[in-house]
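Chemist: Okay, handing you the structure first.
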Amino acid sequence: MYSFEFALLMFMDNMDDSLPMTYGAFYAIAFMLPICVFVIYCISKDAFVGITTNIIQYILLVAFIALVDIAVTIVMIIQGKLIVGGKLTSACITPVCGVLFLIVLVMLLVRNSNVQAEKGTDNEES
């Protein structure tokens, strides 16, 4: 994961100003992408939530954070702070986090439904 980040940083050092975003926006997206991949991998391998932990609490927390981030993003779009001079600004950290939490929410919901289906199958076999 760190080699990916290093490669992106080296890529940015050799870039000119032709990107449709500021360096801060690029760095925010570049650092959130591997985190998103790692979280998706952990959830799919059932290594994200403890065995005795109530997953519904995590789902509600992630849903709340995602909704707050999306609401703040809408306000930022209305105020014109997200895109300035035709470039995505470093204020995109909030929308990127919102999308990350939405992806995590979907993964948690899918994983929870799979676990519930497995429990239902085990109960029918007994």
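Ordered as shown in the structure tokens, chains take letters A, B, and onward, while each chain numbers its residues from 1 and ligands are numbered from 1 in the order shown.
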Which polymer residues have any atom within 12 Å of an atom of region 77-91 of chain A, counting only C-alpha atoms, with same-chain residues fewer than 3 positions away left out, as a list of chain:residue names?
Modeler: A:Asp17, A:Ser18, A:Leu19, A:Pro20, A:Met21, A:Thr22, A:Tyr23, A:Gly24, A:Ala25, A:Phe26, A:Tyr27, A:Ala28, A:Ile29, A:Ala30, A:Asp69, A:Ile70, A:Ala71, A:Val72, A:Thr73, A:Ile74, A:Thr94, A:Pro95, A:Val96, A:Cys97
Chemist: Check the DSSP output for the backbone and give back, as a PyMOL selection string, the residues of region 78-117 of chain A in helix (DSSP H, G or I).
Modeler: chain A and resi 78-79+90-117
Chemist: Give the answer as one residue: which of A:Ile43, A:Met76, A:Val104, A:Val62 has the shortest atom-to-atom distance to Cys92 (chain A), using only C-alpha atoms?
Modeler: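 Nearest candidate to Cys92 (chain A) out of A:Ile43, A:Met76, A:Val104, A:Val62: A:Met76.
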Chemist: Using the chain letters and numbers from this document, which residues of region 45-105 of chain A does DSSP assign to strand (DSSP E), as a list in words?
Modeler: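 Across region 45-105 of chain A, those assigned strand (DSSP E) are Ile83, Val84, Lys87 and Leu88 of chain A.
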Chemist: List as a count of residues only the protein and nucleic acid residues near Leu109 (chain A), meaning an atom at most 10 Å away when only C-alpha atoms are counted, but skip any in the same chain fewer than 5 places from it.
Modeler: 7
Chemist: Can you tell me how far CA of Leu102 (chain A) sits from CA of Asp46 (chain A), in Å to one decimal?
Modeler: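 These atoms are spaced 18.1 Å apart.
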Chemist: Tell me, in Å to one decimal, how far CA of Leu33 (chain A) is from CA of Phe101 (chain A).
Modeler: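 Straight-line distance from CA of Leu33 (chain A) to CA of Phe101 (chain A) works out to 11.9 Å.
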Chemist: Kindly indicate which residue among A:Ala117, A:Val68, A:Leu100, A:Val110 lies nearest to Phe38 (chain A), using only C-alpha atoms for the distances.
Modeler: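 Closest candidate: A:Leu100.
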